[in-house]
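Peer 1: Quick one, query23.tsv (TSV, C-alpha atoms and all ligand atoms):
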```
chain	number	residue	atom	x	y	z
A	1	MET	CA	-213.46	-9.76	53.94
A	2	LYS	CA	-212.07	-9.57	57.41
A	3	LEU	CA	-213.66	-12.51	59.26
A	4	ASP	CA	-213.92	-12.11	63.00
A	5	ILE	CA	-213.47	-15.61	64.45
A	6	THR	CA	-213.05	-14.58	68.10
A	7	GLN	CA	-216.01	-16.76	69.14
A	8	VAL	CA	-214.45	-19.83	67.53
A	9	ILE	CA	-211.00	-19.17	68.96
A	10	ASN	CA	-212.29	-18.80	72.53
A	11	GLY	CA	-214.50	-21.87	72.21
A	12	ARG	CA	-217.91	-20.17	72.46
A	13	LEU	CA	-218.73	-21.45	68.98
A	14	ASP	CA	-217.47	-24.61	67.33
A	15	ARG	CA	-218.79	-23.58	63.94
A	16	MET	CA	-219.19	-20.23	62.26
A	17	GLU	CA	-220.78	-19.78	58.86
A	18	PHE	CA	-220.18	-16.86	56.53
A	19	THR	CA	-221.29	-15.59	53.13
A	20	TYR	CA	-220.00	-12.50	51.40
A	21	LYS	CA	-219.21	-10.99	48.03
A	22	PHE	CA	-216.18	-9.06	46.92
A	23	SER	CA	-214.07	-8.15	43.91
A	24	PRO	CA	-210.29	-7.71	43.59
A	25	ASP	CA	-210.71	-3.94	44.21
A	26	THR	CA	-212.47	-4.49	47.51
A	27	ALA	CA	-210.39	-7.47	48.69
A	28	CYS	CA	-209.25	-7.28	52.28
A	29	VAL	CA	-205.71	-8.60	52.42
A	30	ILE	CA	-202.75	-8.61	54.77
A	31	GLU	CA	-200.25	-9.16	52.03
A	32	GLU	CA	-200.74	-8.01	48.49
A	33	ALA	CA	-202.92	-10.41	46.51
A	34	PRO	CA	-201.66	-11.81	43.21
A	35	LEU	CA	-202.79	-9.87	40.16
A	36	LEU	CA	-205.22	-11.21	37.59
A	37	PRO	CA	-203.92	-11.47	34.03
A	38	GLU	CA	-204.23	-8.03	32.38
A	39	ASP	CA	-207.01	-9.07	29.97
A	40	VAL	CA	-209.18	-10.65	32.67
A	41	SER	CA	-211.59	-8.60	34.75
A	42	ILE	CA	-213.99	-9.38	37.56
A	43	PRO	CA	-217.11	-7.20	38.00
A	44	GLU	CA	-217.97	-5.48	41.26
A	45	ASP	CA	-218.99	-8.10	43.84
A	46	GLY	CA	-218.31	-10.77	41.19
A	47	ILE	CA	-216.82	-13.20	43.70
A	48	THR	CA	-219.26	-14.97	46.01
A	49	VAL	CA	-217.84	-16.83	49.00
A	50	SER	CA	-219.80	-19.03	51.37
A	51	GLY	CA	-218.37	-21.38	53.90
A	52	GLU	CA	-217.55	-22.09	57.49
A	53	VAL	CA	-214.84	-22.07	60.09
A	54	VAL	CA	-214.99	-25.18	62.25
A	55	SER	CA	-213.17	-25.96	65.47
A	56	LYS	CA	-212.84	-29.58	66.44
A	57	GLY	CA	-210.49	-31.04	69.03
A	58	GLY	CA	-208.33	-27.94	69.10
A	59	TYR	CA	-207.99	-28.00	65.35
A	60	MET	CA	-209.54	-25.24	63.22
A	61	THR	CA	-210.42	-25.45	59.55
A	62	PHE	CA	-211.68	-23.01	56.96
A	63	THR	CA	-213.81	-24.31	54.07
A	64	ALA	CA	-215.40	-22.17	51.36
A	65	GLU	CA	-217.26	-22.56	48.09
A	66	VAL	CA	-216.26	-19.82	45.69
A	67	ASP	CA	-218.07	-18.65	42.55
A	68	ALA	CA	-216.28	-16.05	40.46
A	69	GLU	CA	-217.67	-14.21	37.44
A	70	TYR	CA	-215.11	-12.90	35.02
A	71	THR	CA	-214.63	-11.44	31.56
A	72	ALA	CA	-211.79	-12.63	29.35
A	73	PRO	CA	-211.05	-12.46	25.61
A	74	CYS	CA	-211.75	-15.37	23.25
A	75	SER	CA	-208.39	-16.96	22.39
A	76	ARG	CA	-209.21	-16.84	18.67
A	77	CYS	CA	-211.28	-13.71	17.92
A	78	LEU	CA	-210.52	-11.68	21.10
A	79	ASP	CA	-214.23	-10.99	21.76
A	80	ASP	CA	-215.07	-10.64	25.43
A	81	ILE	CA	-216.48	-13.78	27.00
A	82	HIS	CA	-218.41	-13.70	30.26
A	83	GLU	CA	-217.67	-16.81	32.23
A	84	LYS	CA	-217.94	-18.16	35.73
A	85	LEU	CA	-215.72	-20.54	37.63
A	86	SER	CA	-216.40	-22.41	40.84
A	87	PHE	CA	-214.12	-24.17	43.26
A	88	SER	CA	-213.77	-25.17	46.89
A	89	LEU	CA	-211.05	-23.82	49.10
A	90	PHE	CA	-209.83	-25.68	52.14
A	91	ARG	CA	-207.37	-24.33	54.70
A	92	THR	CA	-206.09	-25.29	58.09
A	93	VAL	CA	-206.45	-22.33	60.44
A	94	ARG	CA	-203.52	-21.48	62.68
A	95	THR	CA	-203.19	-18.86	65.33
A	96	GLY	CA	-199.84	-17.20	65.80
A	97	ALA	CA	-197.44	-15.90	63.22
A	98	PRO	CA	-196.17	-18.09	60.39
A	99	ALA	CA	-193.28	-20.28	61.47
A	100	VAL	CA	-189.95	-18.61	61.01
A	101	VAL	CA	-187.80	-21.11	59.24
A	102	ASP	CA	-184.16	-21.00	58.33
A	103	ASN	CA	-184.52	-20.68	54.59
A	104	THR	CA	-180.87	-20.41	53.62
A	105	ASP	CA	-181.09	-23.76	51.82
A	106	ASP	CA	-184.17	-23.01	49.79
A	107	ASP	CA	-184.93	-19.59	48.34
A	108	GLU	CA	-188.49	-20.62	47.42
A	109	TRP	CA	-189.55	-21.38	50.98
A	110	ASP	CA	-190.87	-18.29	52.74
A	111	GLY	CA	-191.90	-20.00	55.97
A	112	VAL	CA	-195.59	-19.77	55.09
A	113	LEU	CA	-197.50	-22.97	54.40
A	114	ASP	CA	-199.78	-22.70	51.39
A	115	ASP	CA	-202.64	-24.68	52.86
A	116	VAL	CA	-202.71	-22.69	56.09
A	117	LEU	CA	-204.72	-19.56	56.81
A	118	TYR	CA	-203.17	-17.62	59.66
A	119	VAL	CA	-205.16	-15.74	62.27
A	120	HIS	CA	-204.26	-12.06	62.66
A	121	ASP	CA	-205.76	-10.41	65.76
A	122	SER	CA	-208.67	-12.90	65.89
A	123	HIS	CA	-209.46	-12.34	62.20
A	124	LEU	CA	-209.01	-14.34	59.04
A	125	TYR	CA	-208.22	-12.70	55.70
A	126	PRO	CA	-209.08	-15.29	53.05
A	127	ASP	CA	-209.45	-12.92	50.04
A	128	GLY	CA	-205.80	-13.13	48.98
A	129	ASP	CA	-205.91	-16.94	48.93
A	130	ILE	CA	-209.19	-16.83	46.99
A	131	ILE	CA	-207.79	-14.50	44.31
A	132	GLU	CA	-204.66	-16.64	44.08
A	133	GLN	CA	-206.83	-19.71	43.46
A	134	ILE	CA	-208.89	-17.84	40.82
A	135	VAL	CA	-205.65	-17.03	38.96
A	136	LEU	CA	-204.75	-20.75	39.06
A	137	GLU	CA	-208.22	-21.87	37.93
A	138	LEU	CA	-208.51	-19.50	34.96
A	139	PRO	CA	-208.34	-21.49	31.72
A	140	MET	CA	-205.28	-20.78	29.54
A	141	TYR	CA	-207.38	-21.07	26.42
A	142	GLN	CA	-211.06	-20.36	25.93
A	143	LEU	CA	-213.36	-19.77	23.00
A	144	CYS	CA	-216.52	-17.68	22.54
A	145	SER	CA	-217.97	-20.72	20.77
A	146	PRO	CA	-216.41	-24.13	20.01
A	147	ASP	CA	-216.31	-23.35	16.28
A	148	CYS	CA	-215.13	-19.72	16.50
A	149	PRO	CA	-213.36	-19.11	13.17
A	150	GLY	CA	-211.05	-16.49	14.68
A	151	LEU	CA	-209.47	-13.60	12.80
A	152	CYS	CA	-208.28	-13.38	9.20
A	153	PRO	CA	-204.48	-13.76	9.34
A	154	HIS	CA	-204.15	-11.22	6.50
A	155	CYS	CA	-206.44	-8.30	7.38
A	156	GLY	CA	-207.37	-9.09	10.98
A	157	ARG	CA	-211.10	-9.01	10.32
A	158	LYS	CA	-213.34	-11.23	12.38
A	159	LEU	CA	-214.20	-14.18	10.15
A	160	SER	CA	-217.55	-14.73	11.87
A	161	GLU	CA	-218.63	-11.38	10.35
A	162	GLY	CA	-218.32	-12.71	6.84
A	163	ASP	CA	-215.68	-13.44	4.23
A	164	CYS	CA	-213.19	-10.59	3.78
A	165	GLY	CA	-212.02	-12.10	0.51
A	166	CYS	CA	-208.40	-12.47	1.62
A	167	ALA	CA	-208.43	-16.25	1.41
A	168	ALA	CA	-209.53	-16.16	-2.24
A	169	LYS	CA	-207.02	-13.39	-3.07
A	170	GLU	CA	-204.24	-15.34	-1.41
A	171	ALA	CA	-205.10	-18.48	-3.34
A	172	GLU	CA	-205.08	-16.49	-6.57
A	173	ARG	CA	-201.70	-14.97	-5.74
A	174	ALA	CA	-200.25	-18.34	-4.82
A	175	LYS	CA	-201.30	-19.70	-8.20
A	176	LYS	CA	-199.56	-16.83	-10.03
A	177	GLU	CA	-196.40	-17.38	-8.09
A	178	ILE	CA	-196.09	-20.92	-9.28
A	179	ASP	CA	-192.88	-21.60	-11.14
A	180	PRO	CA	-193.56	-21.15	-14.88
A	181	ARG	CA	-192.11	-24.61	-15.44
A	182	LEU	CA	-194.88	-25.99	-13.28
A	183	ALA	CA	-197.61	-23.85	-14.80
A	184	LYS	CA	-198.41	-26.45	-17.38
A	185	LEU	CA	-198.86	-29.05	-14.72
A	186	GLN	CA	-201.10	-26.64	-12.76
A	187	LYS	CA	-203.28	-26.19	-15.84
A	188	LEU	CA	-203.69	-29.93	-16.10
A	189	LEU	CA	-204.58	-30.13	-12.42
A	190	ASP	CA	-207.13	-27.32	-12.80
A	191	LYS	CA	-208.74	-29.18	-15.68
A	192	SER	CA	-209.00	-32.38	-13.70
A	193	GLU	CA	-210.62	-30.61	-10.69
A	201	ZN	ZN	-214.18	-16.18	19.31
A	202	ZN	ZN	-208.97	-10.81	5.53
```
Written as structure tokens, that's how I'd like the structure from this file.

Peer 2:
Amino acid sequence: MKLDITQVINGRLDRMEFTYKFSPDTACVIEEAPLLPEDVSIPEDGITVSGEVVSKGGYMTFTAEVDAEYTAPCSRCLDDIHEKLSFSLFRTVRTGAPAVVDNTDDDEWDGVLDDVLYVHDSHLYPDGDIIEQIVLELPMYQLCSPDCPGLCPHCGRKLSEGDCGCAAKEAERAKKEIDPRLAKLQKLLDKSE
């Protein structure tokens, strides 16, 4: 979203509220927004943003509550999980271009402060920062259910759909592979079971 904050900049308003929805496809950005991981998707209008721009004593701030719906695969069985994450985003608002800094000493520093949202022609473009934060907030590991049994390591079948029989077959094979010298011992162990 391109937020027109002219009224706040010229002092006619000291507070401006906003609510809007967007998705990565419809994001309005000045610079390219970071990409979501390939296996994560956000539905149309899946990101809800509501917040305010406040001007106080010549100091402007941007605050927003963000709710993002997304679909990502279960880390064990790869089934799609529909999840939602929520976070707050706080930024200092600055007019004028990002400070140009001599960055010969530090290749990482690009002269742009992370916690600052810059004004471009009386507008704010928060979508890029919001998507960046979603990427940071996404869990590395998530399950469709806490006890998801995952996939069979032998045939790849989903174990929640029933026993594929591989585990039993493997156990049988392992028994046969036992060193003949130990077979006697195995027999004794089987008896005692
Ligand atoms: Zn699962
Ligand atoms: Zn199997």

Peer 1: Could you report the residues within 6 Å of ligand ZN 201 (chain A), using all atoms listed in the file, as number ranges by chain?

Peer 2: A: 74, 76-77, 79, 143-144, 148, 150

Peer 1: Taking all atoms listed in the file into account, report as a list in words which residues have an atom no farther than 9 Å from an atom of ligand ZN 202 (chain A).

Peer 2: Leu151, Cys152, Pro153, His154, Cys155, Gly156, Arg157, Lys158, Leu159, Asp163, Cys164, Gly165, Cys166 and Ala167 of chain A

Peer 1: Write a file of the just-selected residues containing C-alpha atoms, as a PDB file, in the coordinates of the input.

Peer 2:
```pdb
ATOM      1  CA  LEU A 151    -209.470 -13.600  12.800  1.00  0.00           C
ATOM      2  CA  CYS A 152    -208.280 -13.380   9.200  1.00  0.00           C
ATOM      3  CA  PRO A 153    -204.480 -13.760   9.340  1.00  0.00           C
ATOM      4  CA  HIS A 154    -204.150 -11.220   6.500  1.00  0.00           C
ATOM      5  CA  CYS A 155    -206.440  -8.300   7.380  1.00  0.00           C
ATOM      6  CA  GLY A 156    -207.370  -9.090  10.980  1.00  0.00           C
ATOM      7  CA  ARG A 157    -211.100  -9.010  10.320  1.00  0.00           C
ATOM      8  CA  LYS A 158    -213.340 -11.230  12.380  1.00  0.00           C
ATOM      9  CA  LEU A 159    -214.200 -14.180  10.150  1.00  0.00           C
ATOM     10  CA  ASP A 163    -215.680 -13.440   4.230  1.00  0.00           C
ATOM     11  CA  CYS A 164    -213.190 -10.590   3.780  1.00  0.00           C
ATOM     12  CA  GLY A 165    -212.020 -12.100   0.510  1.00  0.00           C
ATOM     13  CA  CYS A 166    -208.400 -12.470   1.620  1.00  0.00           C
ATOM     14  CA  ALA A 167    -208.430 -16.250   1.410  1.00  0.00           C
TER      15      ALA A 167
END
```

Peer 1: Write out as a compact mmCIF listing (two decimals) with C-alpha atoms, keeping the file's coordinate frame each polymer residue whose atoms come within 8 Å of segment 3-11 of chain A, counting only C-alpha atoms; drop sequence neighbours fewer than 5 positions from it.

Peer 2:
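Written file, around00.txt:
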```
# COMPACT_ATOMS: atom_id res chain seq x y z
CA MET A 16 -219.19 -20.23 62.26
CA VAL A 53 -214.84 -22.07 60.09
CA VAL A 54 -214.99 -25.18 62.25
CA SER A 55 -213.17 -25.96 65.47
CA SER A 122 -208.67 -12.90 65.89
CA HIS A 123 -209.46 -12.34 62.20
CA LEU A 124 -209.01 -14.34 59.04
CA TYR A 125 -208.22 -12.70 55.70
```

Peer 1: May I ask for the distance between atom CA of Arg15 of chain A and atom CA of Gly57 of chain A, given in Å to one decimal place?

Peer 2: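 Result for atom CA of Arg15 of chain A versus atom CA of Gly57 of chain A: 12.3 Å, one decimal.
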
Peer 1: So which residues touch segment 25-36 of chain A within 10 Å, counting all atoms listed in the file, skipping near sequence neighbours fewer than 6 positions away, as a PyMOL selection string?

Peer 2: chain A and resi 1-3+42-45+47+120+124-136+138

Peer 1: I need the residue nearest Thr19 of chain A from this list: A:Pro37, A:Ser75, A:Asp67, A:Gly58. Use only C-alpha atoms for the distance.

Peer 2: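 Answer, going by the shortest atom-to-atom distance: A:Asp67.
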
Peer 1: For Thr61 of chain A, list every protein, DNA or RNA residue within 9 Å, evaluated using all atoms listed in the file, and leave out those in the same chain fewer than 5 positions away; present the list as an MDAnalysis selection string.

Peer 2: chainID A and resid 52:56 90:94 116:117
